[in-house]
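Chemist: Coordinates in data19.cif, mmCIF, C-alpha atoms, are listed below.
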```
data_data
loop_
_atom_site.label_atom_id
_atom_site.label_comp_id
_atom_site.auth_asym_id
_atom_site.auth_seq_id
_atom_site.Cartn_x
_atom_site.Cartn_y
_atom_site.Cartn_z
CA MET A 286 -15.46 20.22 -7.98
CA HIS A 287 -12.37 21.80 -9.52
CA PHE A 288 -11.07 20.90 -12.97
CA ILE A 289 -7.91 22.44 -14.36
CA SER A 290 -6.39 22.10 -17.80
CA SER A 291 -3.00 20.56 -18.39
CA LYS A 292 -0.46 21.81 -20.92
CA ASP A 293 -2.03 19.60 -23.59
CA ASN A 294 -5.61 20.35 -22.45
CA ALA A 295 -6.31 17.20 -20.47
CA LYS A 296 -8.79 17.92 -17.67
CA LEU A 297 -7.46 17.16 -14.19
CA TYR A 298 -9.84 16.77 -11.25
CA VAL A 299 -8.53 18.62 -8.19
CA LYS A 300 -9.61 18.46 -4.54
CA ASP A 301 -8.66 21.62 -2.64
CA TRP A 302 -9.25 21.59 1.11
CA GLY A 303 -8.28 24.14 3.76
CA GLU A 304 -6.17 27.27 3.63
CA GLY A 305 -2.51 28.10 4.07
CA GLN A 306 0.72 26.67 2.67
CA PRO A 307 -0.18 24.18 -0.07
CA VAL A 308 0.61 20.50 0.34
CA ILE A 309 0.09 18.68 -2.96
CA LEU A 310 -0.60 14.95 -2.78
CA ILE A 311 0.01 12.67 -5.78
CA HIS A 312 -1.61 9.25 -5.72
CA GLY A 313 -0.33 5.86 -6.77
CA TRP A 314 -1.23 3.43 -9.54
CA PRO A 315 -4.04 2.54 -10.18
CA LEU A 316 -6.00 4.68 -7.72
CA SER A 317 -7.24 8.27 -7.43
CA ALA A 318 -6.87 11.31 -5.19
CA ASP A 319 -9.37 9.76 -2.77
CA SER A 320 -6.64 7.42 -1.50
CA TRP A 321 -5.14 10.47 0.23
CA ASP A 322 -8.38 11.53 1.98
CA GLU A 323 -7.37 10.61 5.55
CA GLN A 324 -4.07 12.48 5.29
CA ALA A 325 -5.63 15.40 3.38
CA MET A 326 -8.22 15.92 6.11
CA ALA A 327 -5.53 15.97 8.79
CA ILE A 328 -3.32 18.34 6.77
CA ALA A 329 -6.21 20.77 6.20
CA ALA A 330 -7.25 20.57 9.88
CA ALA A 331 -3.66 21.41 10.87
CA GLY A 332 -3.82 24.74 9.03
CA TYR A 333 -2.51 23.84 5.60
CA ARG A 334 -4.07 23.69 2.16
CA ALA A 335 -4.36 20.06 1.08
CA ILE A 336 -4.52 19.68 -2.69
CA SER A 337 -4.87 16.26 -4.31
CA TYR A 338 -5.70 15.42 -7.90
CA ASP A 339 -6.61 12.49 -10.09
CA ARG A 340 -3.82 11.58 -12.50
CA ARG A 341 -4.89 11.83 -16.15
CA GLY A 342 -6.66 8.65 -17.18
CA PHE A 343 -7.80 7.85 -13.64
CA GLY A 344 -10.64 8.78 -11.31
CA ARG A 345 -12.59 11.81 -12.52
CA SER A 346 -9.89 13.27 -14.75
CA SER A 347 -10.18 12.99 -18.52
CA GLN A 348 -8.90 9.90 -20.29
CA PRO A 349 -6.75 11.01 -23.23
CA TRP A 350 -5.05 8.47 -25.45
CA SER A 351 -1.56 9.82 -24.81
CA GLY A 352 0.47 11.63 -22.18
CA TYR A 353 1.30 8.84 -19.75
CA ASP A 354 5.05 9.34 -19.87
CA TYR A 355 6.70 11.01 -16.89
CA ASP A 356 7.66 14.19 -18.74
CA THR A 357 3.99 14.85 -19.47
CA LEU A 358 2.88 13.69 -16.03
CA SER A 359 5.34 16.10 -14.41
CA ASP A 360 3.91 18.85 -16.62
CA ASP A 361 0.50 17.94 -15.18
CA LEU A 362 1.96 18.35 -11.70
CA ALA A 363 3.35 21.72 -12.80
CA ALA A 364 -0.18 22.76 -13.80
CA VAL A 365 -1.46 21.82 -10.33
CA ILE A 366 1.37 23.72 -8.65
CA ALA A 367 0.60 26.76 -10.83
CA TYR A 368 -3.06 26.42 -9.79
CA ALA A 369 -1.96 26.47 -6.13
CA ASP A 370 -0.37 29.87 -6.88
CA ALA A 371 2.09 29.86 -4.00
CA PRO A 372 5.91 29.99 -3.86
CA ASN A 373 6.20 27.49 -1.00
CA ALA A 374 4.46 24.28 -2.01
CA ILE A 375 5.22 20.88 -0.49
CA ILE A 376 4.79 17.93 -2.86
CA ILE A 377 4.21 14.37 -1.69
CA GLY A 378 4.14 11.40 -4.06
CA PHE A 379 2.96 7.90 -3.23
CA SER A 380 4.29 4.94 -5.23
CA MET A 381 4.02 5.90 -8.92
CA GLY A 382 3.49 9.48 -7.72
CA GLY A 383 7.06 9.57 -6.47
CA GLY A 384 8.12 9.54 -10.10
CA GLU A 385 6.18 12.73 -10.80
CA VAL A 386 7.96 14.36 -7.86
CA ALA A 387 11.39 13.27 -9.13
CA ARG A 388 10.78 14.31 -12.73
CA TYR A 389 9.33 17.64 -11.60
CA MET A 390 12.55 18.30 -9.71
CA SER A 391 14.66 17.96 -12.85
CA ARG A 392 12.28 19.04 -15.64
CA HIS A 393 10.86 22.05 -13.77
CA ASN A 394 13.82 22.75 -11.51
CA ALA A 395 11.67 22.37 -8.37
CA LYS A 396 9.88 25.66 -9.15
CA SER A 397 7.77 26.89 -6.19
CA VAL A 398 8.56 23.75 -4.15
CA VAL A 399 10.26 23.96 -0.75
CA LYS A 400 9.92 20.35 0.49
CA ALA A 401 9.21 16.95 -1.02
CA ALA A 402 8.25 13.50 0.20
CA LEU A 403 8.39 10.05 -1.38
CA ILE A 404 6.04 7.49 0.17
CA SER A 405 6.37 3.82 -0.90
CA SER A 406 7.87 5.33 -4.03
CA VAL A 407 9.08 3.73 -7.26
CA VAL A 408 12.10 6.06 -7.32
CA PRO A 409 14.87 5.63 -8.42
CA PHE A 410 14.44 2.77 -10.97
CA ARG A 411 12.16 -0.26 -10.95
CA LEU A 412 13.53 -2.27 -13.87
CA LYS A 413 16.33 -4.81 -13.49
CA THR A 414 19.21 -4.00 -15.84
CA GLU A 415 22.93 -4.72 -15.88
CA ASP A 416 23.59 -1.55 -13.90
CA ASN A 417 20.48 -1.93 -11.72
CA PRO A 418 20.63 -5.52 -10.45
CA ALA A 419 18.24 -4.87 -7.55
CA GLY A 420 15.38 -4.07 -9.93
CA THR A 421 12.51 -6.28 -11.06
CA GLU A 422 12.69 -8.44 -14.18
CA GLN A 423 10.85 -7.15 -17.26
CA GLU A 424 8.91 -10.42 -17.43
CA ALA A 425 7.20 -9.61 -14.12
CA PHE A 426 5.80 -6.40 -15.57
CA ASP A 427 4.88 -8.17 -18.81
CA LYS A 428 2.99 -10.76 -16.78
CA THR A 429 1.06 -7.96 -15.06
CA ALA A 430 0.16 -6.42 -18.43
CA ARG A 431 -1.09 -9.78 -19.70
CA ALA A 432 -3.21 -10.26 -16.60
CA ILE A 433 -4.76 -6.81 -17.03
CA HIS A 434 -5.57 -7.56 -20.65
CA LYS A 435 -7.10 -10.93 -19.73
CA ASP A 436 -9.31 -9.86 -16.80
CA ARG A 437 -8.60 -6.50 -15.22
CA ALA A 438 -11.14 -6.92 -12.41
CA GLU A 439 -9.69 -10.28 -11.37
CA PHE A 440 -6.16 -8.89 -11.49
CA PHE A 441 -7.00 -5.98 -9.18
CA THR A 442 -8.63 -8.31 -6.66
CA ASP A 443 -5.36 -10.21 -6.25
CA PHE A 444 -3.18 -7.12 -6.63
CA PHE A 445 -4.61 -5.30 -3.64
CA ASN A 446 -4.11 -8.31 -1.36
CA THR A 447 -0.36 -7.87 -1.91
CA PHE A 448 -0.59 -4.07 -1.95
CA PHE A 449 -2.04 -4.02 1.57
CA GLY A 450 -0.20 -7.07 2.90
CA VAL A 451 -3.34 -9.12 3.53
CA GLY A 452 -2.54 -12.01 5.82
CA THR A 453 0.32 -10.24 7.59
CA PRO A 454 -0.04 -10.67 11.38
CA GLY A 455 -1.68 -7.59 12.92
CA ASN A 456 -2.61 -6.17 9.52
CA ASN A 457 -6.40 -5.94 9.52
CA VAL A 458 -7.66 -4.75 6.13
CA SER A 459 -11.38 -5.28 5.57
CA ASP A 460 -12.83 -7.07 2.59
CA GLU A 461 -15.00 -4.00 2.01
CA LEU A 462 -11.94 -1.77 1.65
CA LEU A 463 -10.31 -4.19 -0.78
CA ARG A 464 -13.45 -4.24 -2.92
CA HIS A 465 -13.60 -0.46 -2.85
CA MET A 466 -9.99 -0.10 -3.96
CA ALA A 467 -10.56 -2.51 -6.84
CA ALA A 468 -13.62 -0.50 -7.87
CA VAL A 469 -11.61 2.73 -7.85
CA ALA A 470 -8.93 1.07 -9.97
CA MET A 471 -11.56 0.06 -12.50
CA GLN A 472 -12.50 3.73 -12.96
CA GLY A 473 -9.22 4.28 -14.76
CA SER A 474 -9.07 3.63 -18.49
CA ILE A 475 -7.35 0.42 -19.52
CA ARG A 476 -5.11 2.49 -21.80
CA ALA A 477 -3.97 4.69 -18.88
CA THR A 478 -3.55 1.66 -16.64
CA LEU A 479 -1.27 -0.11 -19.11
CA GLU A 480 0.67 2.97 -20.20
CA CYS A 481 1.33 4.03 -16.61
CA LEU A 482 2.46 0.48 -15.81
CA LYS A 483 4.98 0.85 -18.62
CA ALA A 484 6.03 4.31 -17.41
CA PHE A 485 6.70 3.47 -13.77
CA SER A 486 8.36 0.15 -14.56
CA THR A 487 10.81 1.46 -17.17
CA THR A 488 11.55 5.09 -16.32
CA ASP A 489 14.99 5.63 -14.83
CA PHE A 490 14.94 8.42 -12.22
CA ARG A 491 18.52 8.02 -11.05
CA ALA A 492 19.67 11.16 -12.83
CA ASP A 493 16.76 13.11 -11.30
CA LEU A 494 17.99 12.55 -7.75
CA ALA A 495 20.68 15.22 -8.02
CA TYR A 496 17.94 17.84 -8.52
CA PHE A 497 16.51 17.23 -5.04
CA LYS A 498 18.10 20.22 -3.32
CA ILE A 499 15.41 20.63 -0.68
CA PRO A 500 14.49 18.68 2.47
CA THR A 501 13.03 15.34 1.37
CA LEU A 502 11.19 12.79 3.48
CA ILE A 503 11.25 9.15 2.38
CA ILE A 504 8.91 6.62 4.02
CA HIS A 505 8.75 2.94 3.06
CA GLY A 506 7.61 -0.34 4.55
CA THR A 507 10.25 -3.02 5.05
CA GLU A 508 7.81 -5.74 3.88
CA ASP A 509 6.65 -3.91 0.77
CA LYS A 510 6.24 -6.65 -1.86
CA THR A 511 4.93 -4.24 -4.50
CA VAL A 512 7.96 -1.92 -4.51
CA PRO A 513 10.72 -3.61 -2.47
CA ILE A 514 12.56 -1.22 -0.19
CA ASP A 515 16.09 -2.31 -1.11
CA ALA A 516 15.53 -1.38 -4.74
CA SER A 517 13.77 1.91 -4.01
CA ALA A 518 13.75 3.93 -0.80
CA ARG A 519 17.17 2.87 0.46
CA LEU A 520 18.78 3.72 -2.88
CA ALA A 521 16.86 6.99 -3.16
CA ALA A 522 17.96 8.03 0.33
CA LYS A 523 21.58 7.54 -0.68
CA GLY A 524 21.16 9.65 -3.81
CA ILE A 525 19.25 12.60 -2.32
CA SER A 526 21.46 14.95 -0.34
CA GLN A 527 18.88 16.21 2.19
CA ALA A 528 16.90 12.99 2.55
CA THR A 529 15.47 11.58 5.77
CA LEU A 530 14.48 7.92 5.51
CA ILE A 531 11.89 6.44 7.86
CA GLU A 532 11.37 2.69 7.57
CA TYR A 533 8.11 1.19 8.78
CA GLN A 534 9.00 -2.22 10.15
CA ASN A 535 6.97 -5.13 8.73
CA ALA A 536 4.71 -2.73 6.80
CA PRO A 537 3.46 -3.35 3.23
CA HIS A 538 3.00 -0.96 0.31
CA GLY A 539 -0.35 0.67 1.06
CA LEU A 540 0.73 2.66 4.10
CA PHE A 541 -2.08 5.21 3.73
CA VAL A 542 -4.42 2.45 4.96
CA THR A 543 -2.34 -0.02 6.97
CA ASP A 544 -0.32 2.60 8.88
CA LYS A 545 -2.47 5.66 8.31
CA ASP A 546 -2.14 7.21 11.78
CA LYS A 547 1.62 6.85 11.86
CA LEU A 548 1.94 8.07 8.28
CA THR A 549 -0.22 11.12 8.96
CA LYS A 550 1.80 11.94 12.08
CA ASP A 551 5.12 11.67 10.24
CA ILE A 552 3.92 13.77 7.30
CA LEU A 553 2.59 16.49 9.61
CA ALA A 554 5.84 16.55 11.57
CA PHE A 555 7.78 16.94 8.31
CA ILE A 556 5.68 19.76 6.87
CA ARG A 557 5.73 21.64 10.18
CA ARG A 558 9.53 21.62 10.41
#
```
What is this file in structure tokens?
Modeler:
Amino acid sequence: MHFISSKDNAKLYVKDWGEGQPVILIHGWPLSADSWDEQAMAIAAAGYRAISYDRRGFGRSSQPWSGYDYDTLSDDLAAVIAYADAPNAIIIGFSMGGGEVARYMSRHNAKSVVKAALISSVVPFRLKTEDNPAGTEQEAFDKTARAIHKDRAEFFTDFFNTFFGVGTPGNNVSDELLRHMAAVAMQGSIRATLECLKAFSTTDFRADLAYFKIPTLIIHGTEDKTVPIDASARLAAKGISQATLIEYQNAPHGLFVTDKDKLTKDILAFIRR
């Protein structure tokens, strides 16, 4: 096990597999680094160094009371990149993790990063406002917070059905996997779960897009009900100068499970270019 200290001394659990150019994988809400295991194994086997870490408050990382805003979370990413100790890192963020990538680009000026990827990402802005009509109403996020307060375990059971598109023709996700994902989500502190919900639903990353001055891969499912593609990936692709958008037809949010072979292939092709 590896634990590193963040800028404010939170302990971050890091998985470090393989050798070579580092590829840093940032997980989504409300999971842990383990959600990247299939891709991390393939990346390490292909001759790269696959580094994934548990976001503060989740998995095996410490559970501080504060620090769940994206400035602090991007500082945590900076600590992981510093740990990698290489000038040519590739950073890949899934869902909420895309926000860490975007904020790192602006706050840390993409230091030591040569490529980036946004997978099912929340970037550029989730909340519906007058100047962001494609976003989601605040009440939807408030409803989620109320459900978490009422019965977090019950909420996660329903949440992952949507996350993985259960019931979609050809989408075979086992009950065992759904139970496992809910159990992983329950490892996170309720404070971190709620504060990160607030962070990814209200943080505006539109100004961060101009700081993406490196090749950027964007992958998103067209049937993503958790983070709809029209309000995320398609807008991000327009705002990032060197972006390549790949749309997975009829795919849901949790691509690392439902489309894992295709996702792994596309990520490997991108990092090899």
Chemist: Can you translate the PyMOL selection byres ((chain A and resi 449) around 8) into the concrete residues it hits in this file, as a ChimeraX atom specification?
Modeler: /A:445-448,450-451,458,537-540,542-543
Chemist: Run the PyMOL selection byres ((chain A and resi 430) around 12) on the file and write out the hits as a list of chain:residue names.
Modeler: A:Gln423, A:Glu424, A:Ala425, A:Phe426, A:Asp427, A:Lys428, A:Thr429, A:Arg431, A:Ala432, A:Ile433, A:His434, A:Lys435, A:Asp436, A:Arg437, A:Phe440, A:Phe441, A:Ile475, A:Arg476, A:Ala477, A:Thr478, A:Leu479, A:Glu480, A:Cys481, A:Leu482, A:Lys483, A:Ser486
Chemist: Under the rule that only C-alpha atoms are counted, which of A:Val399, A:Leu316, A:Met466, A:Ala329 is the nearest residue to Phe343 (chain A)?
Modeler: A:Leu316
Chemist: Report as a PyMOL selection string the full result of the PyMOL selection byres ((chain A and resi 306) around 6) when it is applied to this structure.
Modeler: chain A and resi 305+307+333-334
Chemist: Pick out the residues sitting within 12 Å of Gly332 (chain A), and hand them over as JSON, numbers by chain; count only C-alpha atoms, and ignore anything fewer than 3 positions along from it in its own chain.
Modeler: {"A": [302, 303, 304, 305, 306, 307, 308, 325, 326, 327, 328, 329, 335, 553, 556, 557]}
Chemist: Can you tell me which residues surround Ile503 (chain A) at a distance of at most 6 Å, considering all atoms listed in the file, apart from same-chain residues fewer than 2 positions away, and format the answer as a list in words?
Modeler: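 The residues satisfying every condition are Ala402, Leu403, Ile404, Thr529 and Leu530 of chain A.
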Chemist: Just want the 7 Å neighbourhood of region 493-495 of chain A, counted on only C-alpha atoms, with same-chain residues fewer than 3 positions away dropped. Output as a PyMOL selection string.
Modeler: chain A and resi 387-388+390-391+490+524-525
Chemist: Hey, which of A:Arg519, A:His393, A:His465, A:Arg340 ends up closest to Ser406 (chain A)? Count only C-alpha atoms.
Modeler: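 Between A:Arg519, A:His393, A:His465, A:Arg340, the residue approaching Ser406 (chain A) most closely is A:Arg519.
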Chemist: Nearest to Gly384 (chain A): which of A:Ala330, A:Ala318, A:Val469, A:Ala484 is it, counting all atoms listed in the file?
Modeler: A:Ala484
Chemist: Looking at A:Phe485, A:Phe379, A:Tyr533, A:Tyr338, which one is nearest to Pro409 (chain A), with distances taken over all atoms listed in the file?
Modeler: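 Once distances to Pro409 (chain A) are computed over all atoms listed in the file, the minimum belongs to A:Phe485.
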Chemist: Quick check, in Å to one decimal: how far apart do CA of Gln534 (chain A) and CA of Leu520 (chain A) lie?
Modeler: 17.3 Å
Chemist: I'd like the interatomic distance between CA of Leu310 (chain A) and CA of Phe410 (chain A), to a tenth of an Å.
Modeler: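 Result for CA of Leu310 (chain A) versus CA of Phe410 (chain A): 21.0 Å, one decimal.
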Chemist: Work out how far apart CA of Lys300 (chain A) and CA of Ser337 (chain A) are and give it in Å to one decimal.
Modeler: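 Pair CA of Lys300 (chain A) / CA of Ser337 (chain A) returns 5.2 Å.
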Chemist: Would you mind listing what lies within 7 Å of His505 (chain A) as a PyMOL selection string, with only C-alpha atoms counted and same-chain residues fewer than 4 positions away left out?
Modeler: chain A and resi 404-405+514+518+531-533
Chemist: Counting all atoms listed in the file, which of A:Asp509, A:Tyr353, A:Phe288, A:Ser397 gets nearest to Pro372 (chain A)?
Modeler: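 Under the stated criterion, the closest residue is A:Ser397.
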Chemist: Can you pull out the residues contacting Ser291 (chain A)? Cut-off 9 Å, using all atoms listed in the file, and skip same-chain residues under 4 positions away; I want them as a PyMOL selection string.
Modeler: chain A and resi 295-297+360-365
Chemist: So for region 322-340 of chain A, what box centre and size do we get, axis-aligned, 5 Å extra on each of the six sides, every listed atom, Å to one decimal, as JSON?
Modeler:
```
{"center_x": -5.4, "center_y": 17.7, "center_z": -0.8, "size_x": 15.9, "size_y": 24.1, "size_z": 33.4}
```
Chemist: Select, from A:Asn294, A:Asp370, A:Asp339, A:Asp319, the residue with the minimum atom-to-atom distance to Gly352 (chain A), counting all atoms listed in the file.
Modeler: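 Distance minimum relative to Gly352 (chain A) lands on A:Asn294.
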Chemist: Using all atoms listed in the file, give me every residue within 12 Å of (20.0, 0.1, -13.9) in file coordinates, as a PyMOL selection string.
Modeler: chain A and resi 408-422+486-492+516-517+520
Chemist: Output the selection as a PDB file, in the frame of the given file - C-alpha atoms for each residue.
Modeler:
```
ATOM      1  CA  VAL A 408      12.100   6.060  -7.320  1.00  0.00           C
ATOM      2  CA  PRO A 409      14.870   5.630  -8.420  1.00  0.00           C
ATOM      3  CA  PHE A 410      14.440   2.770 -10.970  1.00  0.00           C
ATOM      4  CA  ARG A 411      12.160  -0.260 -10.950  1.00  0.00           C
ATOM      5  CA  LEU A 412      13.530  -2.270 -13.870  1.00  0.00           C
ATOM      6  CA  LYS A 413      16.330  -4.810 -13.490  1.00  0.00           C
ATOM      7  CA  THR A 414      19.210  -4.000 -15.840  1.00  0.00           C
ATOM      8  CA  GLU A 415      22.930  -4.720 -15.880  1.00  0.00           C
ATOM      9  CA  ASP A 416      23.590  -1.550 -13.900  1.00  0.00           C
ATOM     10  CA  ASN A 417      20.480  -1.930 -11.720  1.00  0.00           C
ATOM     11  CA  PRO A 418      20.630  -5.520 -10.450  1.00  0.00           C
ATOM     12  CA  ALA A 419      18.240  -4.870  -7.550  1.00  0.00           C
ATOM     13  CA  GLY A 420      15.380  -4.070  -9.930  1.00  0.00           C
ATOM     14  CA  THR A 421      12.510  -6.280 -11.060  1.00  0.00           C
ATOM     15  CA  GLU A 422      12.690  -8.440 -14.180  1.00  0.00           C
ATOM     16  CA  SER A 486       8.360   0.150 -14.560  1.00  0.00           C
ATOM     17  CA  THR A 487      10.810   1.460 -17.170  1.00  0.00           C
ATOM     18  CA  THR A 488      11.550   5.090 -16.320  1.00  0.00           C
ATOM     19  CA  ASP A 489      14.990   5.630 -14.830  1.00  0.00           C
ATOM     20  CA  PHE A 490      14.940   8.420 -12.220  1.00  0.00           C
ATOM     21  CA  ARG A 491      18.520   8.020 -11.050  1.00  0.00           C
ATOM     22  CA  ALA A 492      19.670  11.160 -12.830  1.00  0.00           C
ATOM     23  CA  ALA A 516      15.530  -1.380  -4.740  1.00  0.00           C
ATOM     24  CA  SER A 517      13.770   1.910  -4.010  1.00  0.00           C
ATOM     25  CA  LEU A 520      18.780   3.720  -2.880  1.00  0.00           C
TER      26      LEU A 520
END
```
